[in-house]
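*Asks:* Sharing upload35.tsv here; it has TSV, C-alpha atoms.
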chain	number	residue	atom	x	y	z
A	1	MET	CA	0.00	0.00	0.00
A	2	ARG	CA	1.33	3.45	-0.88
A	3	PRO	CA	2.37	5.49	2.22
A	4	LEU	CA	-0.11	8.30	1.51
A	5	LEU	CA	-2.99	5.86	1.07
A	6	PHE	CA	-1.95	4.04	4.25
A	7	PHE	CA	-2.13	7.21	6.34
A	8	LEU	CA	-5.39	8.32	4.72
A	9	ASN	CA	-6.93	4.96	5.63
A	10	LEU	CA	-5.77	5.46	9.22
A	11	LEU	CA	-7.31	8.93	9.39
A	12	TYR	CA	-10.43	8.10	7.36
A	13	PRO	CA	-10.94	4.33	7.47
A	14	PRO	CA	-13.00	3.06	4.52
A	15	LYS	CA	-16.57	2.19	5.37
A	16	CYS	CA	-19.21	0.03	3.74
A	17	PRO	CA	-21.50	2.32	1.73
A	18	PHE	CA	-24.59	0.36	2.76
A	19	CYS	CA	-24.29	-0.28	6.51
A	20	GLY	CA	-21.63	2.31	7.32
A	21	ARG	CA	-19.40	-0.15	9.18
A	22	VAL	CA	-15.62	0.30	9.00
A	23	LEU	CA	-14.25	-2.36	6.67
A	24	GLU	CA	-12.16	-5.11	8.16
A	25	ARG	CA	-8.89	-6.47	6.80
A	26	GLY	CA	-9.56	-8.28	3.54
A	27	GLU	CA	-12.83	-6.46	2.86
A	28	GLU	CA	-12.71	-4.13	-0.12
A	29	GLY	CA	-15.43	-1.70	-1.17
A	30	TRP	CA	-18.15	-3.15	1.03
A	31	CYS	CA	-18.49	-5.53	3.95
A	32	ALA	CA	-18.94	-9.28	3.65
A	33	SER	CA	-22.31	-9.16	5.41
A	34	CYS	CA	-23.80	-6.71	2.92
A	35	GLN	CA	-22.45	-8.72	0.00
A	36	GLU	CA	-24.57	-11.64	1.21
A	37	ASP	CA	-27.66	-9.82	2.46
A	38	LEU	CA	-28.34	-7.06	-0.07
A	39	PRO	CA	-31.69	-7.35	-1.92
A	40	TRP	CA	-30.52	-8.16	-5.43
A	41	THR	CA	-32.99	-7.94	-8.28
A	42	GLU	CA	-33.44	-10.63	-10.91
A	43	PRO	CA	-33.56	-9.96	-14.67
A	44	GLY	CA	-37.02	-8.86	-15.76
A	45	GLU	CA	-38.22	-7.85	-12.30
A	46	GLY	CA	-39.81	-4.45	-11.81
A	47	LYS	CA	-42.39	-2.46	-13.71
A	48	ALA	CA	-41.71	-0.80	-17.05
A	49	VAL	CA	-40.87	2.89	-17.26
A	50	GLU	CA	-42.54	5.06	-19.89
A	51	GLU	CA	-40.29	6.22	-22.76
A	52	CYS	CA	-37.59	3.69	-21.75
A	53	ASP	CA	-36.88	0.48	-23.64
A	54	ALA	CA	-35.84	-1.06	-20.33
A	55	CYS	CA	-35.11	-0.03	-16.77
A	56	LEU	CA	-32.21	-1.96	-15.21
A	57	SER	CA	-31.21	-1.93	-11.55
A	58	PRO	CA	-29.01	-4.33	-9.57
A	59	LEU	CA	-30.75	-3.71	-6.21
A	60	TRP	CA	-34.13	-3.17	-4.62
A	61	TYR	CA	-34.56	0.13	-2.81
A	62	ARG	CA	-35.05	-1.00	0.77
A	63	ASP	CA	-33.25	-1.62	4.07
A	64	GLY	CA	-29.48	-1.07	3.82
A	65	VAL	CA	-29.74	-0.02	0.19
A	66	ARG	CA	-32.02	2.87	1.14
A	67	ASP	CA	-29.60	3.83	3.90
A	68	GLY	CA	-26.67	3.64	1.51
A	69	VAL	CA	-28.35	5.82	-1.10
A	70	HIS	CA	-29.18	8.46	1.52
A	71	ARG	CA	-25.60	8.34	2.82
A	72	TYR	CA	-24.27	8.75	-0.72
A	73	LYS	CA	-26.62	11.60	-1.69
A	74	PHE	CA	-27.09	13.57	1.49
A	75	GLY	CA	-24.23	12.51	3.77
A	76	GLY	CA	-21.32	13.66	1.66
A	77	GLY	CA	-20.56	10.11	0.54
A	78	ARG	CA	-19.38	10.98	-2.95
A	79	SER	CA	-16.46	8.55	-2.65
A	80	HIS	CA	-18.99	5.69	-2.71
A	81	ALA	CA	-19.75	6.43	-6.37
A	82	ARG	CA	-16.85	4.20	-7.36
A	83	LEU	CA	-18.31	1.00	-5.94
A	84	LEU	CA	-21.95	1.86	-6.64
A	85	GLY	CA	-21.08	2.61	-10.24
A	86	GLU	CA	-19.37	-0.77	-10.51
A	87	LEU	CA	-22.57	-2.54	-9.48
A	88	MET	CA	-24.50	-0.59	-12.10
A	89	ALA	CA	-21.96	-1.24	-14.85
A	90	GLN	CA	-22.02	-4.96	-14.13
A	91	CYS	CA	-25.83	-4.95	-14.22
A	92	LEU	CA	-25.80	-3.20	-17.60
A	93	GLN	CA	-23.26	-5.60	-19.07
A	94	ASP	CA	-25.09	-8.67	-17.74
A	95	ARG	CA	-28.63	-7.67	-18.73
A	96	TRP	CA	-28.41	-5.63	-21.93
A	97	THR	CA	-27.04	-7.14	-25.12
A	98	GLY	CA	-28.02	-4.48	-27.66
A	99	ARG	CA	-25.81	-1.77	-29.09
A	100	LEU	CA	-25.29	1.33	-26.97
A	101	ASP	CA	-23.74	4.61	-28.06
A	102	LEU	CA	-23.47	6.88	-25.04
A	103	ILE	CA	-24.24	7.42	-21.38
A	104	THR	CA	-25.99	10.41	-19.85
A	105	TRP	CA	-27.73	11.20	-16.57
A	106	ALA	CA	-30.72	12.91	-14.98
A	107	PRO	CA	-29.07	16.09	-13.65
A	108	LEU	CA	-29.59	18.10	-10.51
A	109	HIS	CA	-30.64	21.72	-10.77
A	110	PRO	CA	-27.49	23.93	-10.60
A	111	LYS	CA	-28.62	25.44	-7.26
A	112	ARG	CA	-29.02	22.02	-5.67
A	113	LYS	CA	-25.72	20.79	-7.14
A	114	LYS	CA	-23.92	23.83	-5.72
A	115	LYS	CA	-25.41	23.22	-2.29
A	116	ARG	CA	-24.60	19.48	-2.30
A	117	GLY	CA	-21.20	19.90	-3.90
A	118	TYR	CA	-21.70	17.18	-6.52
A	119	ASP	CA	-24.32	15.59	-8.74
A	120	GLN	CA	-24.76	12.01	-7.56
A	121	ALA	CA	-26.15	10.74	-10.88
A	122	GLU	CA	-23.30	12.35	-12.85
A	123	LEU	CA	-20.67	10.64	-10.70
A	124	LEU	CA	-22.38	7.28	-11.23
A	125	ALA	CA	-22.61	7.92	-14.98
A	126	ARG	CA	-18.93	8.75	-15.25
A	127	ARG	CA	-17.96	5.62	-13.32
A	128	VAL	CA	-20.16	3.43	-15.52
A	129	GLY	CA	-18.57	5.09	-18.56
A	130	GLU	CA	-15.07	4.27	-17.28
A	131	LEU	CA	-15.96	0.61	-16.85
A	132	THR	CA	-17.92	0.10	-20.08
A	133	GLY	CA	-15.86	2.29	-22.40
A	134	LEU	CA	-18.97	4.22	-23.50
A	135	PRO	CA	-18.67	8.00	-23.87
A	136	VAL	CA	-20.42	10.06	-21.19
A	137	GLU	CA	-22.21	13.15	-22.47
A	138	ASP	CA	-23.95	16.03	-20.71
A	139	THR	CA	-27.23	16.05	-22.66
A	140	LEU	CA	-29.85	17.35	-20.22
A	141	GLU	CA	-30.53	20.40	-18.10
A	142	LYS	CA	-32.79	20.74	-15.11
A	143	VAL	CA	-34.59	23.97	-15.80
A	144	ARG	CA	-36.48	24.40	-12.55
A	145	VAL	CA	-36.07	23.35	-8.94
A	146	THR	CA	-38.45	20.60	-7.86
A	147	ALA	CA	-39.35	18.99	-4.58
A	148	VAL	CA	-37.21	15.97	-3.70
A	149	GLN	CA	-38.91	13.03	-5.42
A	150	SER	CA	-38.62	10.78	-2.36
A	151	GLN	CA	-40.79	13.30	-0.51
A	152	ALA	CA	-43.32	13.86	-3.30
A	153	GLY	CA	-45.81	11.16	-2.28
A	154	GLU	CA	-47.92	9.18	-4.75
A	155	ASP	CA	-46.89	8.38	-8.30
A	156	GLY	CA	-49.20	10.98	-9.83
A	157	VAL	CA	-47.70	13.68	-7.61
A	158	ARG	CA	-44.20	12.58	-8.58
A	159	ARG	CA	-45.04	12.81	-12.28
A	160	ALA	CA	-46.49	16.29	-11.82
A	161	ASN	CA	-43.46	17.30	-9.79
A	162	VAL	CA	-41.02	16.67	-12.68
A	163	ARG	CA	-43.25	17.51	-15.64
A	164	GLY	CA	-41.38	20.08	-17.75
A	165	ALA	CA	-38.49	20.18	-15.29
A	166	TYR	CA	-35.89	18.92	-17.78
A	167	GLY	CA	-34.75	20.26	-21.12
A	168	ALA	CA	-32.17	19.41	-23.77
A	169	ALA	CA	-28.70	20.91	-23.60
A	170	PRO	CA	-28.15	23.58	-26.28
A	171	GLY	CA	-27.58	22.09	-29.70
A	172	LEU	CA	-28.35	18.53	-28.59
A	173	GLU	CA	-28.61	16.13	-31.54
A	174	LEU	CA	-29.11	12.43	-30.86
A	175	THR	CA	-30.57	11.15	-34.13
A	176	GLY	CA	-30.17	7.37	-34.25
A	177	LYS	CA	-28.32	7.19	-30.92
A	178	ARG	CA	-28.96	4.48	-28.34
A	179	VAL	CA	-28.63	6.06	-24.93
A	180	VAL	CA	-28.12	4.83	-21.36
A	181	LEU	CA	-29.89	7.20	-18.96
A	182	ILE	CA	-28.60	7.04	-15.38
A	183	ASP	CA	-30.17	8.05	-12.09
A	184	ASP	CA	-29.62	6.82	-8.55
A	185	VAL	CA	-33.07	5.37	-7.79
A	186	ALA	CA	-36.22	4.57	-9.77
A	187	THR	CA	-39.29	4.84	-7.57
A	188	SER	CA	-42.29	5.77	-9.72
A	189	GLY	CA	-40.03	6.11	-12.78
A	190	ALA	CA	-41.27	9.67	-13.32
A	191	THR	CA	-37.81	11.27	-13.53
A	192	LEU	CA	-36.50	8.68	-15.95
A	193	ALA	CA	-39.62	8.96	-18.11
A	194	GLU	CA	-39.42	12.76	-18.25
A	195	CYS	CA	-35.72	12.73	-19.15
A	196	ALA	CA	-36.15	9.92	-21.69
A	197	ALA	CA	-38.91	11.89	-23.42
A	198	VAL	CA	-36.52	14.83	-23.85
A	199	LEU	CA	-33.85	12.52	-25.28
A	200	ARG	CA	-36.31	11.00	-27.74
A	201	ARG	CA	-37.42	14.45	-28.92
A	202	ALA	CA	-33.75	15.11	-29.63
A	203	GLY	CA	-33.72	12.05	-31.89
A	204	ALA	CA	-32.61	9.18	-29.63
A	205	GLU	CA	-33.51	5.83	-31.17
A	206	SER	CA	-33.67	4.06	-27.81
A	207	VAL	CA	-33.22	4.86	-24.12
A	208	VAL	CA	-32.19	2.32	-21.49
A	209	GLY	CA	-32.72	3.48	-17.92
A	210	LEU	CA	-30.06	2.38	-15.43
A	211	THR	CA	-30.29	3.01	-11.69
A	212	LEU	CA	-28.54	1.66	-8.64
A	213	ALA	CA	-31.85	0.64	-7.09
A	214	ARG	CA	-35.57	0.59	-7.76
A	215	ALA	CA	-38.68	0.48	-5.60
A	216	ARG	CA	-41.10	-2.42	-5.94
Would you kindly transcribe this structure into structure tokens?

*Replies:*
Amino acid sequence: MRPLLFFLNLLYPPKCPFCGRVLERGEEGWCASCQEDLPWTEPGEGKAVEECDACLSPLWYRDGVRDGVHRYKFGGGRSHARLLGELMAQCLQDRWTGRLDLITWAPLHPKRKKKRGYDQAELLARRVGELTGLPVEDTLEKVRVTAVQSQAGEDGVRRANVRGAYGAAPGLELTGKRVVLIDDVATSGATLAECAAVLRRAGAESVVGLTLARAR
């Protein structure tokens, strides 16, 4: 282990992104208990998302996964994007066999990104891009601040919350492109559907939604 990394690990010991426990010797990325107990999805599980050809997620959004997502988004856990993105990349490679051209993400509004310090979906998208070799492109803009989707209540309220909230980046041209659209969690699917609709209006031939987790 490099000396600098050794001392950083002493000062800031790596923790499991899901349960928050300090990792023991031999554990890398996440703890052995979470590796066994996480609620993994099976191919084909979960409801369809409008405007998306598929919605892929390695995990169900419950228990330690919910805690891990909150820690990543709201607890300053940006370093966890590396492992979480690996799970998503593996899910994409295992469950989608069609051609893909680029990766993009459902962005935060600039005000919220400035307050948080990072865009959690962008970090995941860039990690998935590193692992798959697909280019990552900034295609979407969030044009108005919305209530946090996890606090928006029923599906109809969630859809209304994000309706018209996203637009295409200036000059966006996606004719014939097959796009992977990344977000952290799919609950009602409203955010993915809204963003996918924008991508399709810009000419995207297909849109595959990819999230870390999804609600049942």

*Asks:* Which region 32-60 of chain A residues have any atom within 7 Å of an atom of region 180-202 of chain A, and for each, what is the nearest pair of atoms with distance in Å to one decimal, counting all atoms listed in the file, rows sorted by chain and number, as CSV?

*Replies:*
residue,atom,partner,partner_atom,distance
A:Val49,CA,A:Gly189,CA,5.6
A:Glu50,CA,A:Ala193,CA,5.2
A:Glu51,CA,A:Ala193,CA,5.4
A:Cys52,CA,A:Ala196,CA,6.4

*Asks:* Which polymer residues have any atom within 6 Å of an atom of region 127-144 of chain A, counting only C-alpha atoms, with same-chain residues fewer than 3 positions away left out, as a PyMOL selection string?

*Replies:* chain A and resi 85+89+102-104+109+124+165-169

*Asks:* Provide the CA of Arg116 (chain A) to CA of Val69 (chain A) distance in Å, to one decimal place.

*Replies:*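 So the two atoms, CA of Arg116 (chain A) and CA of Val69 (chain A), lie 14.2 Å apart.
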
*Asks:* How many Å separate CA of Ala125 (chain A) from CA of Met88 (chain A)?

*Replies:* 9.2 Å

*Asks:* Could you list, as a PyMOL selection string, every residue within 9 Å of Asp63 (chain A), counting all atoms listed in the file and ignoring same-chain residues fewer than 3 positions away?

*Replies:* chain A and resi 18+38-39+60+66-68

*Asks:* With distances taken over only C-alpha atoms, which residue among A:Ala54, A:Ala121, A:Cys31, A:Leu100 lies nearest Lys73 (chain A)?

*Replies:*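 Closest candidate: A:Ala121.
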
*Asks:* Could you pull the residues within 10 Å of Glu28 (chain A), counting all atoms listed in the file, minus those fewer than 6 positions along the same chain, as a list in words?

*Replies:*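 Close residues of Glu28 (chain A): Pro14, Lys15, Cys16 and Leu83 of chain A.
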
*Asks:* Which residue out of A:Ala48, A:Leu56, A:Lys177, A:Lys114 has the minimum interatomic distance to Asp94 (chain A) when all atoms listed in the file are used?

*Replies:* A:Leu56

*Asks:* Report, in Å with one decimal, the straight-line distance from CA of Val179 (chain A) to CA of Gln120 (chain A).

*Replies:*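 Here the two named atoms are 18.8 Å from each other.
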
*Asks:* Could region 49-72 of chain A be completed with N, CA and C atoms and written as an mmCIF file, in the frame of the given file, please?

*Replies:*
data_model
loop_
_atom_site.group_PDB
_atom_site.id
_atom_site.type_symbol
_atom_site.label_atom_id
_atom_site.label_comp_id
_atom_site.auth_asym_id
_atom_site.auth_seq_id
_atom_site.Cartn_x
_atom_site.Cartn_y
_atom_site.Cartn_z
ATOM 1 N N VAL A 49 -40.901 1.435 -17.399
ATOM 2 C CA VAL A 49 -40.870 2.890 -17.260
ATOM 3 C C VAL A 49 -41.192 3.498 -18.619
ATOM 4 N N GLU A 50 -42.147 4.414 -18.640
ATOM 5 C CA GLU A 50 -42.540 5.060 -19.890
ATOM 6 C C GLU A 50 -41.333 5.701 -20.574
ATOM 7 N N GLU A 51 -41.317 5.633 -21.898
ATOM 8 C CA GLU A 51 -40.290 6.220 -22.760
ATOM 9 C C GLU A 51 -38.960 5.472 -22.715
ATOM 10 N N CYS A 52 -38.831 4.467 -21.832
ATOM 11 C CA CYS A 52 -37.590 3.690 -21.750
ATOM 12 C C CYS A 52 -37.800 2.302 -22.335
ATOM 13 N N ASP A 53 -36.821 1.831 -23.094
ATOM 14 C CA ASP A 53 -36.880 0.480 -23.640
ATOM 15 C C ASP A 53 -36.695 -0.559 -22.558
ATOM 16 N N ALA A 54 -36.014 -0.192 -21.495
ATOM 17 C CA ALA A 54 -35.840 -1.060 -20.330
ATOM 18 C C ALA A 54 -35.420 -0.184 -19.170
ATOM 19 N N CYS A 55 -35.627 -0.702 -17.961
ATOM 20 C CA CYS A 55 -35.110 -0.030 -16.770
ATOM 21 C C CYS A 55 -34.371 -1.100 -15.962
ATOM 22 N N LEU A 56 -33.063 -0.964 -15.855
ATOM 23 C CA LEU A 56 -32.210 -1.960 -15.210
ATOM 24 C C LEU A 56 -31.699 -1.430 -13.880
ATOM 25 N N SER A 57 -31.707 -2.293 -12.873
ATOM 26 C CA SER A 57 -31.210 -1.930 -11.550
ATOM 27 C C SER A 57 -30.682 -3.183 -10.867
ATOM 28 N N PRO A 58 -29.516 -3.140 -10.252
ATOM 29 C CA PRO A 58 -29.010 -4.330 -9.570
ATOM 30 C C PRO A 58 -29.683 -4.602 -8.228
ATOM 31 N N LEU A 59 -30.269 -3.564 -7.585
ATOM 32 C CA LEU A 59 -30.750 -3.710 -6.210
ATOM 33 C C LEU A 59 -32.167 -3.163 -6.041
ATOM 34 N N TRP A 60 -32.856 -3.734 -5.053
ATOM 35 C CA TRP A 60 -34.130 -3.170 -4.620
ATOM 36 C C TRP A 60 -33.877 -2.054 -3.617
ATOM 37 N N TYR A 61 -34.723 -1.046 -3.664
ATOM 38 C CA TYR A 61 -34.560 0.130 -2.810
ATOM 39 C C TYR A 61 -35.254 -0.114 -1.464
ATOM 40 N N ARG A 62 -34.518 -0.753 -0.562
ATOM 41 C CA ARG A 62 -35.050 -1.000 0.770
ATOM 42 C C ARG A 62 -33.892 -1.289 1.727
ATOM 43 N N ASP A 63 -34.184 -1.235 3.019
ATOM 44 C CA ASP A 63 -33.250 -1.620 4.070
ATOM 45 C C ASP A 63 -31.895 -0.906 3.902
ATOM 46 N N GLY A 64 -30.805 -1.672 3.894
ATOM 47 C CA GLY A 64 -29.480 -1.070 3.820
ATOM 48 C C GLY A 64 -29.226 -0.332 2.520
ATOM 49 N N VAL A 65 -29.909 -0.734 1.453
ATOM 50 C CA VAL A 65 -29.740 -0.020 0.190
ATOM 51 C C VAL A 65 -30.283 1.402 0.313
ATOM 52 N N ARG A 66 -31.459 1.531 0.930
ATOM 53 C CA ARG A 66 -32.020 2.870 1.140
ATOM 54 C C ARG A 66 -31.071 3.711 1.990
ATOM 55 N N ASP A 67 -30.536 3.112 3.034
ATOM 56 C CA ASP A 67 -29.600 3.830 3.900
ATOM 57 C C ASP A 67 -28.352 4.251 3.116
ATOM 58 N N GLY A 68 -27.868 3.335 2.278
ATOM 59 C CA GLY A 68 -26.670 3.640 1.510
ATOM 60 C C GLY A 68 -26.884 4.759 0.503
ATOM 61 N N VAL A 69 -28.039 4.757 -0.143
ATOM 62 C CA VAL A 69 -28.350 5.820 -1.100
ATOM 63 C C VAL A 69 -28.419 7.167 -0.383
ATOM 64 N N HIS A 70 -29.070 7.205 0.766
ATOM 65 C CA HIS A 70 -29.180 8.460 1.520
ATOM 66 C C HIS A 70 -27.792 8.930 1.978
ATOM 67 N N ARG A 71 -26.953 7.987 2.392
ATOM 68 C CA ARG A 71 -25.600 8.340 2.820
ATOM 69 C C ARG A 71 -24.802 8.903 1.638
ATOM 70 N N TYR A 72 -24.974 8.309 0.483
ATOM 71 C CA TYR A 72 -24.270 8.750 -0.720
ATOM 72 C C TYR A 72 -24.745 10.137 -1.172
#
